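Okay, structure20.cif is below, mmCIF, C-alpha atoms:
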data_entry
loop_
_atom_site.label_atom_id
_atom_site.label_comp_id
_atom_site.auth_asym_id
_atom_site.auth_seq_id
_atom_site.Cartn_x
_atom_site.Cartn_y
_atom_site.Cartn_z
CA MET A 4 3.23 6.55 17.07
CA ALA A 5 2.08 3.52 19.03
CA THR A 6 -1.40 4.92 19.60
CA ALA A 7 -1.88 5.93 15.95
CA ALA A 8 -0.78 2.50 14.73
CA LEU A 9 -3.10 0.75 17.20
CA SER A 10 -5.99 3.03 16.28
CA VAL A 11 -5.68 2.28 12.56
CA ALA A 12 -5.17 -1.43 13.30
CA ALA A 13 -8.40 -1.42 15.32
CA HIS A 14 -10.17 0.40 12.47
CA ALA A 15 -8.95 -2.23 10.01
CA GLN A 16 -10.39 -4.98 12.22
CA GLY A 17 -13.77 -3.28 12.50
CA ALA A 18 -13.32 -2.14 16.12
CA ALA A 19 -14.70 1.32 15.33
CA ARG A 20 -15.23 2.50 18.92
CA LEU A 21 -11.74 1.50 20.01
CA ALA A 22 -10.28 3.15 16.92
CA ALA A 23 -12.19 6.38 17.57
CA LEU A 24 -11.20 6.46 21.25
CA LEU A 25 -7.54 5.91 20.47
CA GLY A 26 -7.71 8.35 17.56
CA TRP A 27 -8.97 11.24 19.66
CA LEU A 28 -6.56 10.37 22.44
CA ASN A 29 -3.70 10.38 19.95
CA VAL A 30 -4.60 13.84 18.67
CA GLY A 31 -4.49 15.15 22.23
CA MET A 32 -1.21 13.44 23.08
CA TYR A 33 0.40 14.67 19.86
CA ALA A 34 -0.59 18.26 20.69
CA VAL A 35 0.81 17.97 24.22
CA LEU A 36 4.08 16.38 23.11
CA LEU A 37 4.55 18.91 20.31
CA ALA A 38 3.99 21.78 22.75
CA LEU A 39 6.54 20.29 25.15
CA LEU A 40 9.07 19.91 22.32
CA VAL A 41 8.60 23.53 21.23
CA TRP A 42 8.99 24.65 24.85
CA ARG A 43 12.20 22.64 25.26
CA VAL A 44 13.70 24.00 22.04
CA ALA A 45 12.89 27.56 23.13
CA ARG A 46 14.00 27.07 26.73
CA TYR A 47 17.06 24.85 26.29
CA PRO A 48 18.39 25.35 22.73
CA ARG A 49 21.96 24.34 23.65
CA ASP A 50 20.80 21.04 25.15
CA VAL A 51 18.76 20.32 22.02
CA MET A 52 21.75 21.02 19.80
CA ALA A 53 23.92 18.77 21.95
CA ASP A 54 21.34 15.98 21.70
CA LEU A 55 21.40 16.22 17.89
CA SER A 56 25.02 15.02 17.88
CA ASP A 57 24.64 12.41 20.63
CA HIS A 58 24.80 8.84 19.33
CA LEU A 59 22.13 7.57 21.73
CA LYS A 60 19.81 10.59 21.87
CA SER A 61 19.83 11.93 18.31
CA PRO A 62 17.79 9.06 16.76
CA GLY A 63 14.91 10.09 19.03
CA PHE A 64 14.35 13.19 16.87
CA PHE A 65 13.03 10.90 14.13
CA THR A 66 9.97 10.25 16.31
CA LEU A 67 8.81 13.77 15.43
CA VAL A 68 8.64 12.75 11.78
CA ALA A 69 7.08 9.36 12.44
CA GLY A 70 4.56 10.71 14.94
CA THR A 71 3.50 13.50 12.57
CA CYS A 72 3.06 11.24 9.55
CA THR A 73 1.36 8.38 11.40
CA LEU A 74 -1.15 10.89 12.77
CA GLY A 75 -1.75 12.14 9.23
CA SER A 76 -2.29 8.56 8.03
CA GLN A 77 -4.65 7.92 10.93
CA LEU A 78 -6.75 10.96 10.00
CA LEU A 79 -7.03 9.90 6.35
CA VAL A 80 -7.89 6.27 7.07
CA GLU A 81 -10.43 7.14 9.77
CA GLY A 82 -12.19 9.92 7.86
CA GLY A 83 -10.54 12.93 9.46
CA PRO A 84 -9.96 16.28 7.73
CA ALA A 85 -7.80 15.85 4.65
CA GLY A 86 -6.51 19.41 4.93
CA VAL A 87 -4.90 18.61 8.27
CA ALA A 88 -3.37 15.46 6.79
CA TRP A 89 -1.83 17.55 4.00
CA LEU A 90 -0.39 19.93 6.59
CA LEU A 91 1.04 17.04 8.57
CA TRP A 92 2.59 15.62 5.39
CA ALA A 93 4.28 18.95 4.65
CA VAL A 94 5.60 19.19 8.21
CA GLY A 95 6.62 15.53 8.17
CA ILE A 96 8.62 15.53 4.94
CA THR A 97 10.30 18.85 5.76
CA THR A 98 11.23 17.61 9.22
CA TRP A 99 12.40 14.29 7.75
CA ALA A 100 14.91 16.04 5.50
CA ALA A 101 16.08 18.36 8.26
CA VAL A 102 16.53 15.67 10.89
CA MET A 103 17.99 13.08 8.51
CA TYR A 104 20.82 15.26 7.25
CA THR A 105 21.41 17.16 10.50
CA VAL A 106 21.75 14.04 12.64
CA PHE A 107 23.90 11.96 10.31
CA THR A 108 26.12 14.91 9.39
CA ALA A 109 26.63 15.74 13.07
CA LEU A 110 27.44 12.12 13.94
CA THR A 111 29.86 11.87 11.02
CA ILE A 112 31.93 15.00 11.65
CA LYS A 113 32.05 14.99 15.47
CA ASP A 114 35.47 14.35 16.97
CA GLY A 115 34.73 12.14 19.97
CA LYS A 116 32.77 9.03 19.05
CA PRO A 117 31.76 6.18 21.39
CA PRO A 118 32.57 2.52 20.72
CA LEU A 119 29.86 0.59 18.89
CA GLU A 120 28.49 -1.15 21.99
CA GLU A 121 27.96 2.21 23.75
CA GLY A 122 26.67 4.29 20.87
CA LEU A 123 24.36 1.92 19.01
CA SER A 124 20.83 0.83 19.93
CA GLY A 125 17.63 -0.23 18.24
CA ALA A 126 16.53 3.42 18.36
CA TRP A 127 18.75 4.06 15.33
CA LEU A 128 16.12 2.25 13.27
CA LEU A 129 13.73 5.12 13.98
CA ALA A 130 15.34 6.68 10.90
CA VAL A 131 13.82 3.82 8.90
CA VAL A 132 10.46 4.21 10.66
CA ALA A 133 10.41 7.93 9.89
CA THR A 134 11.24 7.34 6.23
CA GLN A 135 8.53 4.74 5.79
CA SER A 136 5.96 6.86 7.64
CA VAL A 137 6.42 9.57 4.99
CA SER A 138 6.07 6.90 2.29
CA VAL A 139 2.79 5.63 3.77
CA LEU A 140 1.25 9.09 4.04
CA SER A 141 2.41 10.01 0.52
CA ALA A 142 0.80 6.84 -0.88
CA LEU A 143 -2.47 7.58 0.94
CA LEU A 144 -2.56 11.14 -0.40
CA ALA A 145 -1.67 10.20 -4.00
CA PRO A 146 -5.21 9.10 -5.08
CA ARG A 147 -6.54 12.55 -4.11
CA LEU A 148 -4.43 14.22 -6.83
CA GLY A 149 -4.60 14.65 -10.58
CA PRO A 150 -2.75 12.23 -12.89
CA ALA A 151 0.56 14.13 -13.09
CA ALA A 152 0.77 14.98 -9.39
CA ARG A 153 -0.40 11.50 -8.44
CA LEU A 154 2.43 9.96 -10.45
CA GLY A 155 4.90 12.20 -8.64
CA PHE A 156 3.57 11.20 -5.22
CA GLU A 157 3.65 7.51 -6.13
CA PHE A 158 7.26 7.88 -7.26
CA LEU A 159 8.09 9.63 -3.98
CA ALA A 160 6.38 6.91 -1.94
CA LEU A 161 8.16 4.15 -3.89
CA SER A 162 11.55 5.88 -3.59
CA LEU A 163 11.16 6.30 0.16
CA LEU A 164 10.02 2.69 0.48
CA LEU A 165 13.17 1.43 -1.23
CA PHE A 166 15.51 3.87 0.49
CA GLY A 167 14.04 2.91 3.87
CA GLY A 168 14.70 -0.74 3.07
CA MET A 169 18.33 0.01 2.18
CA LEU A 170 18.75 2.15 5.32
CA TYR A 171 17.51 -0.83 7.34
CA VAL A 172 20.14 -3.08 5.74
CA TRP A 173 22.92 -0.67 6.71
CA MET A 174 21.76 -0.31 10.30
CA ILE A 175 20.63 -3.84 11.08
CA SER A 176 24.03 -5.10 9.95
CA LEU A 177 25.65 -3.07 12.74
CA ILE A 178 23.01 -4.13 15.25
CA PHE A 179 23.36 -7.81 14.36
CA TYR A 180 27.13 -7.51 14.64
CA ARG A 181 26.69 -5.89 18.05
CA TYR A 182 24.39 -8.76 19.11
CA THR A 183 26.64 -11.61 18.06
CA PHE A 184 30.23 -10.41 18.41
CA LEU A 185 30.24 -8.01 21.37
CA PRO A 186 29.33 -8.61 25.04
CA LEU A 187 25.64 -8.04 25.77
CA ALA A 188 24.33 -7.30 29.25
CA PRO A 189 20.63 -7.54 30.21
CA SER A 190 20.53 -3.74 30.55
CA ASP A 191 21.64 -3.42 26.92
CA LEU A 192 18.48 -5.13 25.65
CA SER A 193 16.24 -2.12 26.15
CA PRO A 194 12.72 -2.08 24.62
CA PRO A 195 13.73 0.03 21.57
CA TYR A 196 15.37 -3.11 20.18
CA TRP A 197 11.81 -4.15 19.31
CA ILE A 198 12.13 -1.54 16.55
CA ASN A 199 14.26 -4.20 14.81
CA MET A 200 10.87 -5.70 14.01
CA GLY A 201 8.85 -2.48 13.96
CA ALA A 202 10.97 -0.94 11.20
CA MET A 203 10.19 -3.93 8.99
CA ALA A 204 6.53 -3.81 9.97
CA ILE A 205 6.09 -0.20 8.84
CA SER A 206 8.11 -1.02 5.71
CA THR A 207 5.56 -3.77 5.00
CA LEU A 208 2.76 -1.27 5.56
CA ALA A 209 4.38 1.17 3.12
CA GLY A 210 4.62 -1.48 0.42
CA ALA A 211 1.11 -2.81 1.00
CA THR A 212 -0.32 0.72 0.98
CA LEU A 213 1.28 1.39 -2.40
CA LEU A 214 -0.18 -1.83 -3.77
CA LEU A 215 -3.64 -1.01 -2.44
CA THR A 216 -3.78 2.66 -3.48
CA SER A 217 -2.37 2.12 -6.98
CA GLY A 218 -4.95 -0.52 -7.84
CA GLY A 219 -2.68 -1.89 -10.58
CA ALA A 220 -3.65 0.98 -12.89
CA SER A 221 -0.71 3.27 -12.18
CA PRO A 222 1.65 3.73 -15.16
CA LEU A 223 4.53 3.61 -12.67
CA LEU A 224 3.42 0.93 -10.22
CA GLY A 225 1.48 -1.28 -12.63
CA PRO A 226 4.61 -2.70 -14.32
CA LEU A 227 6.36 -2.84 -10.92
CA HIS A 228 3.51 -4.59 -9.09
CA ALA A 229 5.29 -7.94 -8.80
CA PHE A 230 8.53 -6.26 -7.67
CA VAL A 231 6.80 -4.16 -5.00
CA ALA A 232 4.84 -7.21 -3.83
CA GLY A 233 8.02 -9.26 -3.53
CA VAL A 234 9.86 -6.55 -1.61
CA THR A 235 6.87 -6.14 0.71
CA VAL A 236 6.77 -9.87 1.50
CA LEU A 237 10.51 -9.74 2.15
CA PHE A 238 9.96 -6.96 4.69
CA TRP A 239 7.12 -8.86 6.35
CA ALA A 240 9.12 -12.10 6.54
CA THR A 241 12.09 -10.27 8.09
CA GLY A 242 9.89 -8.59 10.68
CA THR A 243 8.20 -11.90 11.49
CA TRP A 244 11.60 -13.57 11.98
CA TRP A 245 12.46 -11.03 14.64
CA ILE A 246 9.45 -11.76 16.87
CA PRO A 247 10.57 -15.16 18.30
CA MET A 248 14.12 -13.83 18.60
CA LEU A 249 13.03 -10.78 20.57
CA LEU A 250 10.75 -12.86 22.81
CA THR A 251 13.61 -15.27 23.53
CA LEU A 252 15.99 -12.42 24.36
CA GLY A 253 13.32 -10.83 26.54
CA ALA A 254 12.93 -14.08 28.47
CA TRP A 255 16.70 -14.26 28.90
CA ARG A 256 16.73 -10.67 30.15
CA HIS A 257 13.87 -10.82 32.63
CA VAL A 258 13.64 -14.52 33.59
CA ALA A 259 17.11 -15.99 33.29
CA ARG A 260 18.98 -12.82 34.30
CA ARG A 261 16.17 -11.42 36.49
CA PHE A 262 16.37 -7.89 35.14
CA PRO A 263 13.64 -5.95 37.00
CA TRP A 264 10.42 -4.90 35.30
CA ARG A 265 9.83 -1.18 35.83
CA TYR A 266 8.13 1.48 33.74
CA ASP A 267 10.31 3.42 31.36
CA VAL A 268 9.18 5.66 28.52
CA SER A 269 11.20 3.47 26.15
CA TYR A 270 8.59 0.70 26.55
CA TRP A 271 6.47 2.61 24.02
CA GLY A 272 9.21 1.53 21.64
CA ALA A 273 7.95 -2.04 22.13
CA VAL A 274 4.23 -1.21 21.86
CA PHE A 275 4.63 0.55 18.51
CA PRO A 276 6.14 -2.49 16.71
CA LEU A 277 3.39 -4.78 18.02
CA ALA A 278 0.65 -2.42 16.81
CA MET A 279 2.41 -1.74 13.51
CA TYR A 280 2.96 -5.45 12.81
CA THR A 281 -0.75 -6.02 13.39
CA LEU A 282 -1.71 -3.25 10.98
CA ALA A 283 0.92 -4.19 8.39
CA THR A 284 -0.16 -7.83 8.30
CA SER A 285 -3.78 -6.77 7.87
CA ARG A 286 -2.91 -4.54 4.91
CA LEU A 287 -0.62 -7.18 3.38
CA SER A 288 -3.38 -9.78 3.52
CA GLN A 289 -5.67 -7.34 1.70
CA ALA A 290 -3.11 -6.28 -0.90
CA LEU A 291 -2.16 -9.83 -1.87
CA ASP A 292 -5.51 -11.48 -1.01
CA LEU A 293 -3.93 -13.84 1.52
CA GLU A 294 -6.90 -15.11 3.50
CA PHE A 295 -4.77 -17.34 5.75
CA LEU A 296 -2.90 -14.29 7.11
CA ARG A 297 -6.03 -12.58 8.41
CA VAL A 298 -6.02 -14.46 11.69
CA VAL A 299 -2.70 -12.78 12.60
CA PRO A 300 -4.07 -9.21 12.93
CA ARG A 301 -7.06 -10.49 14.92
CA VAL A 302 -4.74 -11.98 17.53
CA GLY A 303 -2.26 -9.14 17.15
CA LEU A 304 -4.88 -6.51 17.97
CA VAL A 305 -5.53 -8.19 21.33
CA VAL A 306 -1.82 -8.49 22.13
CA ALA A 307 -0.99 -4.94 21.05
CA SER A 308 -3.99 -3.51 22.94
CA ALA A 309 -2.96 -5.34 26.12
CA ALA A 310 0.61 -4.05 25.77
CA TRP A 311 -0.69 -0.51 25.20
CA VAL A 312 -2.87 -0.67 28.33
CA VAL A 313 -0.03 -2.00 30.51
CA VAL A 314 2.43 0.67 29.35
CA PHE A 315 -0.18 3.45 29.56
CA ILE A 316 -0.97 2.49 33.15
CA GLY A 317 2.75 2.45 33.92
CA MET A 318 3.09 5.92 32.40
CA ALA A 319 0.12 7.26 34.35
CA ARG A 320 1.51 5.88 37.62
CA ALA A 321 4.94 7.34 36.88
CA VAL A 322 3.49 10.78 36.10
CA LEU A 323 1.33 10.66 39.25
CA ALA A 324 4.27 9.61 41.42
CA ALA A 325 6.42 12.41 39.97
CA GLY A 326 3.65 14.91 40.72
CA VAL A 327 3.37 13.71 44.30
CA ARG A 328 7.13 13.98 44.80
CA GLN A 329 7.17 17.47 43.32
CA ALA A 330 4.27 18.57 45.51
CA ALA A 331 5.96 17.13 48.59
CA GLY A 332 9.21 18.92 47.76
CA ALA A 333 7.39 22.23 47.31
CA ARG A 334 5.83 22.20 50.77
CA PRO A 335 7.34 24.68 53.21
CA ALA A 336 9.47 23.13 55.95
#
Since I need it in another form, could you write the structure as structure tokens?
Amino acid sequence: MATAALSVAAHAQGAARLAALLGWLNVGMYAVLLALLVWRVARYPRDVMADLSDHLKSPGFFTLVAGTCTLGSQLLVEGGPAGVAWLLWAVGITTWAAVMYTVFTALTIKDGKPPLEEGLSGAWLLAVVATQSVSVLSALLAPRLGPAARLGFEFLALSLLLFGGMLYVWMISLIFYRYTFLPLAPSDLSPPYWINMGAMAISTLAGATLLLTSGGASPLLGPLHAFVAGVTVLFWATGTWWIPMLLTLGAWRHVARRFPWRYDVSYWGAVFPLAMYTLATSRLSQALDLEFLRVVPRVGLVVASAAWVVVFIGMARAVLAAGVRQAAGARPA
């Protein structure tokens, strides 16, 4: 997700070589992660089923949807094979429906439920990210269809855009309540809380993509252009509001409370919002012809790229260290 968003953001800023490098790397990483997921489902089906009804782990399944659809969007934007993008869309929307209703049904009907402060995190907003990722890919595919099918895809993209926005309202209300009315320890402010902003960033991208691909000529989106534009600016403004707040809370966590910096896979949950905000702002400036906004993605690309490099190095070191420990443990005594 983070790599696809950064690749397309680099492409939008004219950094073709960086975009191509990240694009190919993302294809490889997606294949590896998908293979590992299939292996885990086949090898540990009971653990997977248990995770689907776990309040903290179940939202992670939405990354399968988001990762699939952001890869499809990356391929379309960067000139990849459209047939593969169509396949990814089919997998993405099918998986979206399956995960959405499985997870929230399981969480609703389970008997033992944790208190809010133990069962809620920013990862819940991955449901919004997944929804908007399907909207973005649907909007990008719509112009490749005939008039009737195109109208259907535009309606689907618009419906998902609006539903994702409503889903965000439901979830962020709980998260904001958790922030302001319940005790918060430094360990509680894990990197996935950056998805508070990232969910609004990809919502902005979904709205801007609809505005750009419709061109004002759509019988559905033409009359709704002002409405979609207003909703998209609302999403962007909300995401922008979160950035100083998250930076302040991060400073409180690591500087004031001296919470240690160490690599964790959840830090990718902070890289993705930075890359997505960069891309979303670039597309918004194009869709609404806002020249003054175009400096934001130029700076954002540098910041998001630096964050990606730092987290990637941390991941590589963690994988290497785990390999060394495993090799050492396998040596005969």
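Atom to atom, atom CA of A:Gly210 and atom CA of A:Met4 stand 18.5 Å apart.
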Two-atom distance - atom CA of A:Arg46, atom CA of A:Met318 (Å):
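That distance, rounded to one decimal, is 24.5 Å.
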List, as an MDAnalysis selection string, every residue that the PyMOL selection byres ((chain A and resi 280) around 12) selects in the file provided.
chainID A and resid 5 8:9 11:12 197:209 238:246 273:279 281:287 299:304 306:307
Evaluate the PyMOL selection byres ((chain A and resi 178) around 12) and report residues as number ranges by chain:
A: 119-128, 171-177, 179-185, 187, 191-192, 195-199
Care to translate the PyMOL selection byres ((chain A and resi 61) around 12) into actual residues of this file, as a ChimeraX atom specification?
/A:50-60,62-67,102-110,122-124,126-130
For the residues in the current selection, export C-alpha atoms as a PDB file, in the coordinates of the input.
ATOM      1  CA  ASP A  50      20.800  21.040  25.150  1.00  0.00           C
ATOM      2  CA  VAL A  51      18.760  20.320  22.020  1.00  0.00           C
ATOM      3  CA  MET A  52      21.750  21.020  19.800  1.00  0.00           C
ATOM      4  CA  ALA A  53      23.920  18.770  21.950  1.00  0.00           C
ATOM      5  CA  ASP A  54      21.340  15.980  21.700  1.00  0.00           C
ATOM      6  CA  LEU A  55      21.400  16.220  17.890  1.00  0.00           C
ATOM      7  CA  SER A  56      25.020  15.020  17.880  1.00  0.00           C
ATOM      8  CA  ASP A  57      24.640  12.410  20.630  1.00  0.00           C
ATOM      9  CA  HIS A  58      24.800   8.840  19.330  1.00  0.00           C
ATOM     10  CA  LEU A  59      22.130   7.570  21.730  1.00  0.00           C
ATOM     11  CA  LYS A  60      19.810  10.590  21.870  1.00  0.00           C
ATOM     12  CA  PRO A  62      17.790   9.060  16.760  1.00  0.00           C
ATOM     13  CA  GLY A  63      14.910  10.090  19.030  1.00  0.00           C
ATOM     14  CA  PHE A  64      14.350  13.190  16.870  1.00  0.00           C
ATOM     15  CA  PHE A  65      13.030  10.900  14.130  1.00  0.00           C
ATOM     16  CA  THR A  66       9.970  10.250  16.310  1.00  0.00           C
ATOM     17  CA  LEU A  67       8.810  13.770  15.430  1.00  0.00           C
ATOM     18  CA  VAL A 102      16.530  15.670  10.890  1.00  0.00           C
ATOM     19  CA  MET A 103      17.990  13.080   8.510  1.00  0.00           C
ATOM     20  CA  TYR A 104      20.820  15.260   7.250  1.00  0.00           C
ATOM     21  CA  THR A 105      21.410  17.160  10.500  1.00  0.00           C
ATOM     22  CA  VAL A 106      21.750  14.040  12.640  1.00  0.00           C
ATOM     23  CA  PHE A 107      23.900  11.960  10.310  1.00  0.00           C
ATOM     24  CA  THR A 108      26.120  14.910   9.390  1.00  0.00           C
ATOM     25  CA  ALA A 109      26.630  15.740  13.070  1.00  0.00           C
ATOM     26  CA  LEU A 110      27.440  12.120  13.940  1.00  0.00           C
ATOM     27  CA  GLY A 122      26.670   4.290  20.870  1.00  0.00           C
ATOM     28  CA  LEU A 123      24.360   1.920  19.010  1.00  0.00           C
ATOM     29  CA  SER A 124      20.830   0.830  19.930  1.00  0.00           C
ATOM     30  CA  ALA A 126      16.530   3.420  18.360  1.00  0.00           C
ATOM     31  CA  TRP A 127      18.750   4.060  15.330  1.00  0.00           C
ATOM     32  CA  LEU A 128      16.120   2.250  13.270  1.00  0.00           C
ATOM     33  CA  LEU A 129      13.730   5.120  13.980  1.00  0.00           C
ATOM     34  CA  ALA A 130      15.340   6.680  10.900  1.00  0.00           C
TER      35      ALA A 130
END
I'd like the contact shell of A:Ile316 - 12 Å cut-off, only C-alpha atoms, skipping same-chain residues fewer than 5 positions apart - returned as a ChimeraX atom specification.
/A:265-268,270-271,309-311,321-323
If you keep C-alpha atoms, can you produce a file of those selected residues as a PDB file, in the frame of the given file?
ATOM      1  CA  ARG A 265       9.830  -1.180  35.830  1.00  0.00           C
ATOM      2  CA  TYR A 266       8.130   1.480  33.740  1.00  0.00           C
ATOM      3  CA  ASP A 267      10.310   3.420  31.360  1.00  0.00           C
ATOM      4  CA  VAL A 268       9.180   5.660  28.520  1.00  0.00           C
ATOM      5  CA  TYR A 270       8.590   0.700  26.550  1.00  0.00           C
ATOM      6  CA  TRP A 271       6.470   2.610  24.020  1.00  0.00           C
ATOM      7  CA  ALA A 309      -2.960  -5.340  26.120  1.00  0.00           C
ATOM      8  CA  ALA A 310       0.610  -4.050  25.770  1.00  0.00           C
ATOM      9  CA  TRP A 311      -0.690  -0.510  25.200  1.00  0.00           C
ATOM     10  CA  ALA A 321       4.940   7.340  36.880  1.00  0.00           C
ATOM     11  CA  VAL A 322       3.490  10.780  36.100  1.00  0.00           C
ATOM     12  CA  LEU A 323       1.330  10.660  39.250  1.00  0.00           C
TER      13      LEU A 323
END
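Of the residues under consideration (A:Ala45, A:Ala85, A:Leu215, A:Ala7), A:Ala7 shows the shortest atom-to-atom contact distance to A:Ser136 when counting all atoms listed in the file.
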Do you know which residues are at most 12 Å from A:Ala23 counting all atoms listed in the file, after dropping those on the same chain fewer than 3 positions away, and could you put them as an NGL selection string?
:A and (6-7 or 9-15 or 17-20 or 26-30 or 77-78 or 80-83)
Gap from atom CA of A:Leu291 to atom CA of A:Ala232 - Å, one decimal:
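If I compute the distance from atom CA of A:Leu291 to atom CA of A:Ala232, I get 7.7 Å.
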Extract, using only C-alpha atoms, all DNA, RNA and protein residues at most 10 Å from stretch 140-144 of chain A, discarding same-chain residues fewer than 4 positions from it, and format them as a ChimeraX atom specification.
/A:71-77,79-80,85,88-89,91-92,95-96,135-136,148,153,155-161,163,209-217
Keeping only C-alpha atoms, write the selected residues to a file as a PDB file, in the frame of the given file.
ATOM      1  CA  THR A  71       3.500  13.500  12.570  1.00  0.00           C
ATOM      2  CA  CYS A  72       3.060  11.240   9.550  1.00  0.00           C
ATOM      3  CA  THR A  73       1.360   8.380  11.400  1.00  0.00           C
ATOM      4  CA  LEU A  74      -1.150  10.890  12.770  1.00  0.00           C
ATOM      5  CA  GLY A  75      -1.750  12.140   9.230  1.00  0.00           C
ATOM      6  CA  SER A  76      -2.290   8.560   8.030  1.00  0.00           C
ATOM      7  CA  GLN A  77      -4.650   7.920  10.930  1.00  0.00           C
ATOM      8  CA  LEU A  79      -7.030   9.900   6.350  1.00  0.00           C
ATOM      9  CA  VAL A  80      -7.890   6.270   7.070  1.00  0.00           C
ATOM     10  CA  ALA A  85      -7.800  15.850   4.650  1.00  0.00           C
ATOM     11  CA  ALA A  88      -3.370  15.460   6.790  1.00  0.00           C
ATOM     12  CA  TRP A  89      -1.830  17.550   4.000  1.00  0.00           C
ATOM     13  CA  LEU A  91       1.040  17.040   8.570  1.00  0.00           C
ATOM     14  CA  TRP A  92       2.590  15.620   5.390  1.00  0.00           C
ATOM     15  CA  GLY A  95       6.620  15.530   8.170  1.00  0.00           C
ATOM     16  CA  ILE A  96       8.620  15.530   4.940  1.00  0.00           C
ATOM     17  CA  GLN A 135       8.530   4.740   5.790  1.00  0.00           C
ATOM     18  CA  SER A 136       5.960   6.860   7.640  1.00  0.00           C
ATOM     19  CA  LEU A 148      -4.430  14.220  -6.830  1.00  0.00           C
ATOM     20  CA  ARG A 153      -0.400  11.500  -8.440  1.00  0.00           C
ATOM     21  CA  GLY A 155       4.900  12.200  -8.640  1.00  0.00           C
ATOM     22  CA  PHE A 156       3.570  11.200  -5.220  1.00  0.00           C
ATOM     23  CA  GLU A 157       3.650   7.510  -6.130  1.00  0.00           C
ATOM     24  CA  PHE A 158       7.260   7.880  -7.260  1.00  0.00           C
ATOM     25  CA  LEU A 159       8.090   9.630  -3.980  1.00  0.00           C
ATOM     26  CA  ALA A 160       6.380   6.910  -1.940  1.00  0.00           C
ATOM     27  CA  LEU A 161       8.160   4.150  -3.890  1.00  0.00           C
ATOM     28  CA  LEU A 163      11.160   6.300   0.160  1.00  0.00           C
ATOM     29  CA  ALA A 209       4.380   1.170   3.120  1.00  0.00           C
ATOM     30  CA  GLY A 210       4.620  -1.480   0.420  1.00  0.00           C
ATOM     31  CA  ALA A 211       1.110  -2.810   1.000  1.00  0.00           C
ATOM     32  CA  THR A 212      -0.320   0.720   0.980  1.00  0.00           C
ATOM     33  CA  LEU A 213       1.280   1.390  -2.400  1.00  0.00           C
ATOM     34  CA  LEU A 214      -0.180  -1.830  -3.770  1.00  0.00           C
ATOM     35  CA  LEU A 215      -3.640  -1.010  -2.440  1.00  0.00           C
ATOM     36  CA  THR A 216      -3.780   2.660  -3.480  1.00  0.00           C
ATOM     37  CA  SER A 217      -2.370   2.120  -6.980  1.00  0.00           C
TER      38      SER A 217
END
With distances taken over all atoms listed in the file, which residue among A:Gln329, A:Ser193, A:Thr111, A:Thr134 lies nearest A:Pro263?
A:Ser193
All file atoms of stretch 177-196 of chain A boxed axis-aligned, 3 Å per side, centre plus edges, as JSON:
{"center_x": 21.5, "center_y": -5.8, "center_z": 21.6, "size_x": 23.5, "size_y": 17.6, "size_z": 23.8}
Using the incomplete input, complete stretch 140-151 of chain A to the level of N, CA and C atoms; output as an mmCIF file, keeping the file's coordinate frame.
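That gives us out_5.cif:
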data_model
loop_
_atom_site.group_PDB
_atom_site.id
_atom_site.type_symbol
_atom_site.label_atom_id
_atom_site.label_comp_id
_atom_site.auth_asym_id
_atom_site.auth_seq_id
_atom_site.Cartn_x
_atom_site.Cartn_y
_atom_site.Cartn_z
ATOM 1 N N LEU A 140 2.134 7.934 4.175
ATOM 2 C CA LEU A 140 1.250 9.090 4.040
ATOM 3 C C LEU A 140 1.224 9.602 2.607
ATOM 4 N N SER A 141 2.365 9.583 1.927
ATOM 5 C CA SER A 141 2.410 10.010 0.520
ATOM 6 C C SER A 141 1.538 9.106 -0.350
ATOM 7 N N ALA A 142 1.598 7.789 -0.096
ATOM 8 C CA ALA A 142 0.800 6.840 -0.880
ATOM 9 C C ALA A 142 -0.695 7.038 -0.621
ATOM 10 N N LEU A 143 -1.061 7.356 0.615
ATOM 11 C CA LEU A 143 -2.470 7.580 0.940
ATOM 12 C C LEU A 143 -3.008 8.871 0.319
ATOM 13 N N LEU A 144 -2.136 9.862 0.179
ATOM 14 C CA LEU A 144 -2.560 11.140 -0.400
ATOM 15 C C LEU A 144 -2.592 11.108 -1.927
ATOM 16 N N ALA A 145 -1.805 10.229 -2.537
ATOM 17 C CA ALA A 145 -1.670 10.200 -4.000
ATOM 18 C C ALA A 145 -3.005 10.101 -4.736
ATOM 19 N N PRO A 146 -3.949 9.217 -4.327
ATOM 20 C CA PRO A 146 -5.210 9.100 -5.080
ATOM 21 C C PRO A 146 -6.074 10.354 -5.067
ATOM 22 N N ARG A 147 -5.762 11.316 -4.196
ATOM 23 C CA ARG A 147 -6.540 12.550 -4.110
ATOM 24 C C ARG A 147 -6.059 13.602 -5.117
ATOM 25 N N LEU A 148 -5.042 13.255 -5.920
ATOM 26 C CA LEU A 148 -4.430 14.220 -6.830
ATOM 27 C C LEU A 148 -4.765 13.906 -8.282
ATOM 28 N N GLY A 149 -4.459 14.875 -9.153
ATOM 29 C CA GLY A 149 -4.600 14.650 -10.580
ATOM 30 C C GLY A 149 -3.535 13.706 -11.093
ATOM 31 N N PRO A 150 -3.655 13.261 -12.351
ATOM 32 C CA PRO A 150 -2.750 12.230 -12.890
ATOM 33 C C PRO A 150 -1.269 12.569 -12.751
ATOM 34 N N ALA A 151 -0.863 13.778 -13.122
ATOM 35 C CA ALA A 151 0.560 14.130 -13.090
ATOM 36 C C ALA A 151 1.085 14.179 -11.652
#
